[in-house]
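Colleague: For reference, the file protein.tsv (TSV, C-alpha atoms) is included below:
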```
chain	number	residue	atom	x	y	z
I	30	MET	CA	-19.21	-16.39	-20.38
I	31	ALA	CA	-20.06	-16.15	-16.68
I	32	HIS	CA	-17.96	-13.87	-14.56
I	33	ARG	CA	-15.40	-15.80	-12.54
I	34	PRO	CA	-15.17	-14.28	-9.05
I	35	ILE	CA	-11.79	-12.80	-8.17
I	36	ILE	CA	-10.47	-12.45	-4.63
I	37	THR	CA	-7.09	-10.87	-3.90
I	38	LEU	CA	-4.94	-11.31	-0.80
I	39	THR	CA	-2.54	-8.76	0.70
I	40	THR	CA	-0.97	-9.73	4.03
I	41	ASP	CA	2.15	-9.63	6.19
I	42	PHE	CA	2.04	-13.42	6.61
I	43	GLY	CA	4.97	-14.34	4.38
I	44	THR	CA	5.04	-17.76	2.75
I	45	ASN	CA	6.90	-19.87	5.32
I	46	ASP	CA	3.80	-20.79	7.32
I	47	HIS	CA	0.37	-22.24	6.62
I	48	PHE	CA	-1.57	-18.99	7.01
I	49	VAL	CA	-2.08	-18.07	3.36
I	50	GLY	CA	-2.90	-21.64	2.38
I	51	ALA	CA	-5.54	-21.90	5.11
I	52	MET	CA	-7.21	-18.70	3.90
I	53	LYS	CA	-7.33	-20.02	0.36
I	54	GLY	CA	-8.81	-23.32	1.52
I	55	VAL	CA	-11.64	-21.53	3.34
I	56	ILE	CA	-12.38	-19.41	0.28
I	57	LEU	CA	-12.38	-22.34	-2.16
I	58	ASP	CA	-14.62	-24.40	0.11
I	59	ILE	CA	-17.27	-21.67	-0.12
I	60	VAL	CA	-16.77	-20.57	-3.73
I	61	PRO	CA	-14.85	-23.32	-5.60
I	62	ASP	CA	-14.60	-21.39	-8.87
I	63	ALA	CA	-12.92	-18.37	-7.29
I	64	GLU	CA	-9.71	-17.09	-8.79
I	65	ILE	CA	-7.43	-16.12	-5.91
I	66	VAL	CA	-4.68	-13.62	-6.68
I	67	ASP	CA	-1.79	-12.95	-4.31
I	68	ILE	CA	-0.98	-9.24	-4.43
I	69	CYS	CA	1.64	-9.40	-1.69
I	70	HIS	CA	2.41	-11.47	1.41
I	71	ALA	CA	5.66	-9.64	2.15
I	72	VAL	CA	4.18	-6.54	3.74
I	73	GLN	CA	6.46	-5.66	6.65
I	74	ALA	CA	5.17	-7.38	9.78
I	75	PHE	CA	2.67	-5.27	11.73
I	76	ASP	CA	3.27	-2.30	9.39
I	77	VAL	CA	-0.13	-0.85	8.56
I	78	LEU	CA	1.31	1.92	6.36
I	79	ASP	CA	3.25	-0.61	4.29
I	80	GLY	CA	0.05	-2.61	3.81
I	81	ALA	CA	-1.83	0.54	2.85
I	82	LEU	CA	0.81	1.34	0.24
I	83	ALA	CA	0.69	-2.18	-1.20
I	84	ILE	CA	-3.07	-2.35	-1.71
I	85	SER	CA	-3.33	1.25	-2.93
I	86	GLN	CA	-0.86	0.53	-5.73
I	87	ALA	CA	-2.62	-2.61	-7.00
I	88	TYR	CA	-6.37	-2.69	-6.38
I	89	SER	CA	-7.51	-0.48	-9.27
I	90	TYR	CA	-5.94	-2.72	-11.94
I	91	PHE	CA	-8.43	-5.50	-11.24
I	92	PRO	CA	-11.83	-6.04	-12.90
I	93	SER	CA	-15.00	-4.67	-11.37
I	94	ARG	CA	-16.49	-6.74	-8.52
I	95	THR	CA	-13.09	-7.96	-7.35
I	96	VAL	CA	-12.99	-8.56	-3.59
I	97	HIS	CA	-9.74	-7.39	-1.98
I	98	VAL	CA	-8.73	-8.93	1.36
I	99	VAL	CA	-6.12	-6.90	3.25
I	100	VAL	CA	-4.80	-8.34	6.51
I	101	VAL	CA	-2.08	-6.51	8.41
I	102	ASP	CA	-3.57	-6.92	11.84
I	103	PRO	CA	-1.45	-6.33	14.94
I	104	GLY	CA	-4.70	-5.82	16.90
I	105	VAL	CA	-6.21	-9.21	16.05
I	106	GLY	CA	-8.39	-10.52	18.88
I	107	THR	CA	-8.90	-7.08	20.45
I	108	ALA	CA	-11.83	-4.68	20.20
I	109	ARG	CA	-10.74	-3.47	16.75
I	110	ARG	CA	-13.53	-4.10	14.25
I	111	PRO	CA	-13.56	-6.22	11.11
I	112	ILE	CA	-14.88	-4.05	8.29
I	113	LEU	CA	-16.21	-4.25	4.75
I	114	ALA	CA	-15.53	-1.16	2.63
I	115	SER	CA	-17.24	-0.86	-0.74
I	116	SER	CA	-16.56	1.49	-3.63
I	117	GLU	CA	-18.42	1.67	-6.91
I	118	LYS	CA	-16.28	-1.16	-8.35
I	119	TYR	CA	-14.70	-3.09	-5.47
I	120	HIS	CA	-15.13	-4.59	-2.02
I	121	PHE	CA	-12.38	-4.49	0.60
I	122	VAL	CA	-12.36	-6.74	3.66
I	123	ALA	CA	-9.91	-5.75	6.37
I	124	PRO	CA	-9.36	-4.90	10.03
I	125	ASP	CA	-10.41	-1.38	11.01
I	126	ASN	CA	-6.91	-0.12	11.75
I	127	GLY	CA	-6.24	2.28	8.88
I	128	VAL	CA	-4.81	-0.24	6.43
I	129	LEU	CA	-7.34	1.00	3.83
I	130	SER	CA	-6.49	4.69	4.38
I	131	LEU	CA	-4.84	5.23	1.00
I	132	VAL	CA	-7.77	3.53	-0.73
I	133	TYR	CA	-10.17	5.87	1.09
I	134	ALA	CA	-8.08	8.79	-0.19
I	135	ARG	CA	-8.38	7.61	-3.80
I	136	GLU	CA	-12.01	6.46	-3.86
I	137	GLU	CA	-14.97	8.78	-3.43
I	138	GLY	CA	-18.18	7.68	-1.75
I	139	MET	CA	-16.78	4.64	0.06
I	140	ARG	CA	-19.33	2.88	2.28
I	141	VAL	CA	-17.88	1.13	5.30
I	142	ARG	CA	-19.67	-1.53	7.35
I	143	HIS	CA	-18.80	-3.13	10.66
I	144	ILE	CA	-18.90	-6.87	9.96
I	145	THR	CA	-21.12	-8.38	12.65
I	146	ALA	CA	-23.00	-11.16	10.85
I	147	GLU	CA	-21.32	-14.08	12.62
I	148	HIS	CA	-23.21	-16.75	10.68
I	149	TYR	CA	-20.84	-15.98	7.80
I	150	PHE	CA	-17.78	-16.70	9.95
I	151	LEU	CA	-15.89	-19.96	10.19
I	152	GLN	CA	-16.64	-21.42	13.62
I	153	PRO	CA	-15.13	-21.44	16.13
I	154	VAL	CA	-13.42	-18.09	15.60
I	155	SER	CA	-9.80	-18.04	16.73
I	156	ASN	CA	-8.67	-14.93	18.59
I	157	THR	CA	-5.38	-15.07	16.68
I	158	PHE	CA	-6.45	-15.89	13.10
I	159	HIS	CA	-9.32	-13.67	11.95
I	160	ALA	CA	-7.89	-13.80	8.43
I	161	ARG	CA	-8.97	-17.43	8.22
I	162	ASP	CA	-12.12	-17.33	10.32
I	163	ILE	CA	-13.65	-13.92	9.45
I	164	PHE	CA	-12.03	-12.16	6.52
I	165	ALA	CA	-11.65	-15.15	4.18
I	166	PRO	CA	-15.23	-16.46	4.52
I	167	VAL	CA	-16.74	-12.97	4.30
I	168	ALA	CA	-14.76	-12.35	1.11
I	169	ALA	CA	-15.95	-15.67	-0.29
I	170	TYR	CA	-19.60	-14.88	0.36
I	171	LEU	CA	-19.15	-11.45	-1.21
I	172	ALA	CA	-17.68	-13.19	-4.25
I	173	LYS	CA	-20.86	-15.31	-4.31
I	174	GLU	CA	-22.69	-11.96	-4.56
I	175	VAL	CA	-24.22	-11.90	-1.10
I	176	ASP	CA	-25.37	-8.29	-0.66
I	177	SER	CA	-22.93	-6.18	1.34
I	178	HIS	CA	-25.67	-4.84	3.66
I	179	LYS	CA	-26.15	-8.35	5.07
I	180	PHE	CA	-22.76	-8.28	6.78
I	181	GLY	CA	-23.41	-5.40	9.16
I	182	GLU	CA	-24.42	-1.78	9.65
I	183	GLU	CA	-22.66	1.18	8.09
I	184	VAL	CA	-20.23	3.13	10.28
I	185	GLU	CA	-18.62	6.53	9.83
I	186	ASP	CA	-16.03	6.44	12.60
I	187	TYR	CA	-13.73	4.00	10.82
I	188	VAL	CA	-9.98	4.43	11.30
I	189	LYS	CA	-8.02	6.32	8.67
I	190	PHE	CA	-4.78	8.23	8.60
I	191	THR	CA	-3.02	10.61	6.24
I	192	ALA	CA	0.29	9.46	4.81
I	193	PRO	CA	3.27	11.68	5.70
I	194	LYS	CA	3.52	14.74	3.46
I	195	PRO	CA	6.74	16.53	2.47
I	196	LYS	CA	7.23	20.04	3.93
I	197	MET	CA	9.02	23.17	2.84
I	198	VAL	CA	11.53	23.93	5.62
I	199	GLU	CA	13.33	26.74	3.79
I	200	ALA	CA	12.54	28.78	0.69
I	201	ASN	CA	14.32	26.30	-1.56
I	202	ARG	CA	14.44	23.17	0.61
I	203	LEU	CA	11.79	20.45	0.68
I	204	ARG	CA	12.01	17.77	3.36
I	205	GLY	CA	10.42	14.36	2.92
I	206	VAL	CA	10.79	10.83	4.18
I	207	VAL	CA	11.51	7.36	2.81
I	208	LEU	CA	8.22	5.45	2.90
I	209	LYS	CA	9.67	2.05	2.05
I	210	VAL	CA	12.59	0.16	0.56
I	211	ASP	CA	11.64	-2.24	-2.22
I	212	ARG	CA	13.31	-5.59	-2.82
I	213	PHE	CA	15.82	-3.99	-5.22
I	214	GLY	CA	16.97	-1.57	-2.55
I	215	ASN	CA	15.29	1.46	-4.13
I	216	LEU	CA	14.28	4.14	-1.61
I	217	ILE	CA	10.68	5.14	-2.27
I	218	THR	CA	10.00	8.59	-0.87
I	219	ASN	CA	6.81	10.58	-0.28
I	220	ILE	CA	7.85	13.33	-2.73
I	221	THR	CA	5.74	13.67	-5.89
I	222	PRO	CA	6.02	15.78	-9.06
I	223	GLN	CA	3.31	18.04	-7.62
I	224	ASP	CA	5.55	18.83	-4.66
I	225	VAL	CA	8.56	19.90	-6.70
I	226	PRO	CA	7.71	20.00	-10.43
I	227	ALA	CA	11.04	21.54	-11.49
I	228	LEU	CA	12.91	18.45	-10.32
I	229	PHE	CA	10.91	16.15	-12.57
I	230	GLY	CA	10.44	18.53	-15.48
I	231	GLY	CA	14.13	19.13	-16.07
I	232	ALA	CA	13.92	22.82	-15.07
I	233	ALA	CA	15.83	22.54	-11.80
I	234	ASN	CA	19.14	24.40	-11.84
I	235	GLY	CA	21.81	22.98	-9.58
I	236	PHE	CA	19.54	20.85	-7.42
I	237	LYS	CA	20.78	18.34	-4.90
I	238	ILE	CA	19.04	15.52	-3.08
I	239	LEU	CA	20.36	14.68	0.36
I	240	VAL	CA	19.69	11.25	1.81
I	241	GLY	CA	21.79	9.12	4.13
I	242	SER	CA	25.47	9.62	3.34
I	243	ARG	CA	24.93	10.78	-0.24
I	244	GLU	CA	24.41	14.06	-2.07
I	245	ILE	CA	22.65	13.25	-5.34
I	246	THR	CA	22.74	15.63	-8.30
I	247	GLU	CA	21.36	13.53	-11.15
I	248	MET	CA	17.87	12.48	-12.25
I	249	ARG	CA	17.39	9.60	-14.68
I	250	ALA	CA	14.45	8.43	-16.78
I	251	ALA	CA	15.29	4.71	-16.46
I	252	TYR	CA	17.25	2.59	-14.00
I	253	ALA	CA	19.63	1.40	-16.71
I	254	GLU	CA	20.67	4.99	-17.52
I	255	GLY	CA	22.73	5.23	-14.34
I	256	SER	CA	26.44	4.54	-14.32
I	257	PRO	CA	27.70	1.61	-12.19
I	258	GLY	CA	27.66	2.62	-8.53
I	259	GLN	CA	25.95	5.93	-9.25
I	260	VAL	CA	23.00	6.88	-7.04
I	261	PHE	CA	20.35	8.99	-8.75
I	262	GLY	CA	16.75	10.10	-8.54
I	263	ILE	CA	13.95	8.72	-10.70
I	264	LEU	CA	10.18	9.01	-10.93
I	265	GLY	CA	9.02	5.51	-10.01
I	266	SER	CA	5.86	3.69	-11.04
I	267	MET	CA	4.22	4.48	-7.70
I	268	GLY	CA	4.29	8.17	-8.61
I	269	PHE	CA	6.96	9.09	-6.05
I	270	LEU	CA	10.59	10.16	-6.22
I	271	GLU	CA	12.79	7.10	-5.82
I	272	ILE	CA	16.48	7.04	-5.00
I	273	ALA	CA	17.97	4.25	-7.07
I	274	ALA	CA	21.13	2.75	-8.50
I	275	ASN	CA	21.77	0.71	-11.64
I	276	ARG	CA	21.82	-2.96	-10.59
I	277	ALA	CA	22.67	-2.06	-7.01
I	278	ALA	CA	20.81	-1.33	-3.79
I	279	ALA	CA	20.58	2.40	-3.20
I	280	SER	CA	19.68	1.63	0.41
I	281	GLN	CA	23.13	0.11	0.95
I	282	LEU	CA	24.98	2.76	-1.02
I	283	THR	CA	23.36	5.61	0.91
I	284	GLY	CA	23.01	3.94	4.31
I	285	ALA	CA	19.37	5.07	4.36
I	286	GLY	CA	16.22	3.07	4.95
I	287	LYS	CA	12.55	3.33	5.76
I	288	GLY	CA	11.89	6.44	7.82
I	289	SER	CA	15.09	8.18	6.75
I	290	GLU	CA	14.86	11.90	6.08
I	291	ILE	CA	15.36	13.12	2.53
I	292	SER	CA	15.80	16.71	1.39
I	293	VAL	CA	15.56	18.29	-2.05
I	294	VAL	CA	17.45	21.56	-2.31
I	295	LEU	CA	16.83	23.68	-5.39
I	296	GLY	CA	19.18	26.33	-6.71
I	297	GLY	CA	18.98	29.06	-9.29
I	298	GLY	CA	15.85	30.58	-7.79
I	299	VAL	CA	13.62	27.65	-8.75
I	300	ALA	CA	10.79	27.25	-6.25
I	301	ALA	CA	9.04	24.06	-5.26
I	302	GLY	CA	5.38	23.51	-6.05
I	303	ALA	CA	2.53	24.15	-3.66
```
If you convert what's in this file into structure tokens, what do you get?

Modeller:
Amino acid sequence: MAHRPIITLTTDFGTNDHFVGAMKGVILDIVPDAEIVDICHAVQAFDVLDGALAISQAYSYFPSRTVHVVVVDPGVGTARRPILASSEKYHFVAPDNGVLSLVYAREEGMRVRHITAEHYFLQPVSNTFHARDIFAPVAAYLAKEVDSHKFGEEVEDYVKFTAPKPKMVEANRLRGVVLKVDRFGNLITNITPQDVPALFGGAANGFKILVGSREITEMRAAYAEGSPGQVFGILGSMGFLEIAANRAAASQLTGAGKGSEISVVLGGGVAAGA
């Protein structure tokens, strides 16, 4: 059976406007047999880090040769470049604003090209809708197996950033930050088992997690293990410490949100990881 081309879409466009539908129309006009998968259109508006988190958590579950389109583009119409980044298995089409930073961190040997081949664009190109006029058609031609080198020259000065890392501020105190709040109200932090293994391995003695208005002293293995109204810590599927509640929004119960500080304080002489 012939491989059916797959193109994914990750944007901050939402679903109330025509933007996503227009992108899909452009793609299907060029490659009618494409399978278009919506990863997420609820990335926080203009939030490049939120977009980077979304694509980094999903891209690797797709088959080889999938083309991932990622458009969180507050600089649309400016001098920021459209780029094509290619790994061994995938292509990524996006603005050059760091939205692929967490993919760069996970994938070795990425090759990044400045997309300059305008004959692949939808004409005329709108200054406010490059997702439709540049990113969608380029993705479609990639899905038709046009060679990546035909879209532009390789660059090495592409934009990338490092996600915030937790820091030891005292001998037994690790300070992190809430990276995002998911739709269930869970607070997803930047703290991993590598940062504080005792917390996740059950060896912590008398730990407490401080976030918002709450002091949390319990870790759970599943959301349903928490008592009603109890706020607890859990290792979430993204690989980070989450602050959660059973069938309730931890964000409301704690008064914390994206960007809020979170601290893990360990007792009993247990040290955090390197």

Colleague: Closest to Ala63 of chain I among I:Ile36, I:Ala168, I:Ala114, I:Val99, using all atoms listed in the file?

Modeller: I:Ile36

Colleague: Looking at I:Val260, I:Leu270, I:Ile238, I:Ala251, which one is nearest to Gly296 of chain I, with distances taken over all atoms listed in the file?

Modeller: I:Ile238

Colleague: Could you pull the residues within 12 Å of Ala108 of chain I, counting all atoms listed in the file, minus those fewer than 4 positions along the same chain, as a list in words?

Modeller: Asp102, Pro103, Gly104, Pro124, Asp125, Asn126, His143 and Asn156 of chain I

Colleague: Find the residue from I:Gly214, I:Pro193, I:Gly50, I:Pro226 that sits nearest to Ala165 of chain I; use only C-alpha atoms when measuring.

Modeller: I:Gly50

Colleague: Which is closer to Ile59 of chain I than all the others in I:Glu183, I:Glu271, I:Asp211, I:Glu174, using only C-alpha atoms?

Modeller: I:Glu174

Colleague: Which residues are near His32 of chain I? Cut-off 12 Å, only C-alpha atoms, ignore same chain within fewer than 3 positions. Put them as number ranges by chain.

Modeller: I: 35, 62-64, 92-95, 172-174

Colleague: Could you pull the residues within 12 Å of Val128 of chain I, counting only C-alpha atoms, minus those fewer than 2 positions along the same chain, as a PyMOL selection string?

Modeller: chain I and resi 39-41+72+75-85+98-104+111-112+114+121-126+130-134+187-192

Colleague: Complete segment 54-86 of chain I with N, CA and C atoms (output as a short mmCIF file (atom, residue, chain, number, x, y, z; two decimals), in the frame of the given file).

Modeller:
```cif
data_model
loop_
_atom_site.label_atom_id
_atom_site.label_comp_id
_atom_site.auth_asym_id
_atom_site.auth_seq_id
_atom_site.Cartn_x
_atom_site.Cartn_y
_atom_site.Cartn_z
N GLY I 54 -7.95 -22.15 1.35
CA GLY I 54 -8.81 -23.32 1.52
C GLY I 54 -10.21 -22.93 1.94
N VAL I 55 -10.32 -22.00 2.89
CA VAL I 55 -11.64 -21.53 3.34
C VAL I 55 -12.41 -20.90 2.18
N ILE I 56 -11.72 -20.07 1.41
CA ILE I 56 -12.38 -19.41 0.28
C ILE I 56 -12.88 -20.42 -0.74
N LEU I 57 -12.02 -21.38 -1.11
CA LEU I 57 -12.38 -22.34 -2.16
C LEU I 57 -13.46 -23.31 -1.69
N ASP I 58 -13.55 -23.55 -0.39
CA ASP I 58 -14.62 -24.40 0.11
C ASP I 58 -15.98 -23.74 -0.06
N ILE I 59 -16.02 -22.42 0.00
CA ILE I 59 -17.27 -21.67 -0.12
C ILE I 59 -17.59 -21.33 -1.57
N VAL I 60 -16.57 -20.95 -2.32
CA VAL I 60 -16.77 -20.57 -3.73
C VAL I 60 -15.67 -21.25 -4.56
N PRO I 61 -15.89 -22.51 -4.95
CA PRO I 61 -14.85 -23.32 -5.60
C PRO I 61 -14.30 -22.75 -6.89
N ASP I 62 -15.08 -21.92 -7.59
CA ASP I 62 -14.60 -21.39 -8.87
C ASP I 62 -13.89 -20.05 -8.72
N ALA I 63 -13.60 -19.65 -7.49
CA ALA I 63 -12.92 -18.37 -7.29
C ALA I 63 -11.51 -18.40 -7.86
N GLU I 64 -11.10 -17.27 -8.41
CA GLU I 64 -9.71 -17.09 -8.79
C GLU I 64 -9.06 -16.23 -7.70
N ILE I 65 -8.08 -16.80 -7.02
CA ILE I 65 -7.43 -16.12 -5.91
C ILE I 65 -6.09 -15.58 -6.38
N VAL I 66 -5.90 -14.28 -6.21
CA VAL I 66 -4.68 -13.62 -6.68
C VAL I 66 -3.91 -13.09 -5.46
N ASP I 67 -2.65 -13.46 -5.37
CA ASP I 67 -1.79 -12.95 -4.31
C ASP I 67 -1.19 -11.63 -4.76
N ILE I 68 -1.62 -10.53 -4.13
CA ILE I 68 -0.98 -9.24 -4.43
C ILE I 68 0.36 -9.17 -3.73
N CYS I 69 0.38 -9.45 -2.43
CA CYS I 69 1.64 -9.40 -1.69
C CYS I 69 1.45 -10.05 -0.33
N HIS I 70 2.39 -10.92 0.05
CA HIS I 70 2.41 -11.47 1.41
C HIS I 70 3.70 -11.08 2.14
N ALA I 71 4.40 -10.09 1.56
CA ALA I 71 5.66 -9.64 2.15
C ALA I 71 5.56 -8.24 2.72
N VAL I 72 4.32 -7.80 3.02
CA VAL I 72 4.18 -6.54 3.74
C VAL I 72 4.99 -6.66 5.03
N GLN I 73 5.67 -5.60 5.43
CA GLN I 73 6.46 -5.66 6.65
C GLN I 73 5.55 -5.98 7.83
N ALA I 74 5.99 -6.90 8.67
CA ALA I 74 5.17 -7.38 9.78
C ALA I 74 4.66 -6.23 10.63
N PHE I 75 3.36 -6.24 10.87
CA PHE I 75 2.67 -5.27 11.73
C PHE I 75 2.64 -3.86 11.15
N ASP I 76 3.11 -3.65 9.93
CA ASP I 76 3.27 -2.30 9.39
C ASP I 76 2.04 -1.91 8.57
N VAL I 77 1.13 -1.20 9.20
CA VAL I 77 -0.13 -0.85 8.56
C VAL I 77 0.09 0.08 7.38
N LEU I 78 1.03 1.02 7.49
CA LEU I 78 1.31 1.92 6.36
C LEU I 78 1.84 1.15 5.17
N ASP I 79 2.71 0.18 5.39
CA ASP I 79 3.25 -0.61 4.29
C ASP I 79 2.12 -1.40 3.61
N GLY I 80 1.20 -1.93 4.40
CA GLY I 80 0.05 -2.61 3.81
C GLY I 80 -0.83 -1.66 3.03
N ALA I 81 -1.02 -0.46 3.55
CA ALA I 81 -1.83 0.54 2.85
C ALA I 81 -1.21 0.92 1.52
N LEU I 82 0.11 1.05 1.49
CA LEU I 82 0.81 1.34 0.24
C LEU I 82 0.63 0.21 -0.76
N ALA I 83 0.77 -1.03 -0.30
CA ALA I 83 0.69 -2.18 -1.20
C ALA I 83 -0.67 -2.27 -1.87
N ILE I 84 -1.75 -2.20 -1.10
CA ILE I 84 -3.07 -2.35 -1.71
C ILE I 84 -3.41 -1.14 -2.57
N SER I 85 -2.98 0.06 -2.16
CA SER I 85 -3.33 1.25 -2.93
C SER I 85 -2.69 1.25 -4.31
N GLN I 86 -1.57 0.56 -4.45
CA GLN I 86 -0.86 0.53 -5.73
C GLN I 86 -1.37 -0.56 -6.67
#
```
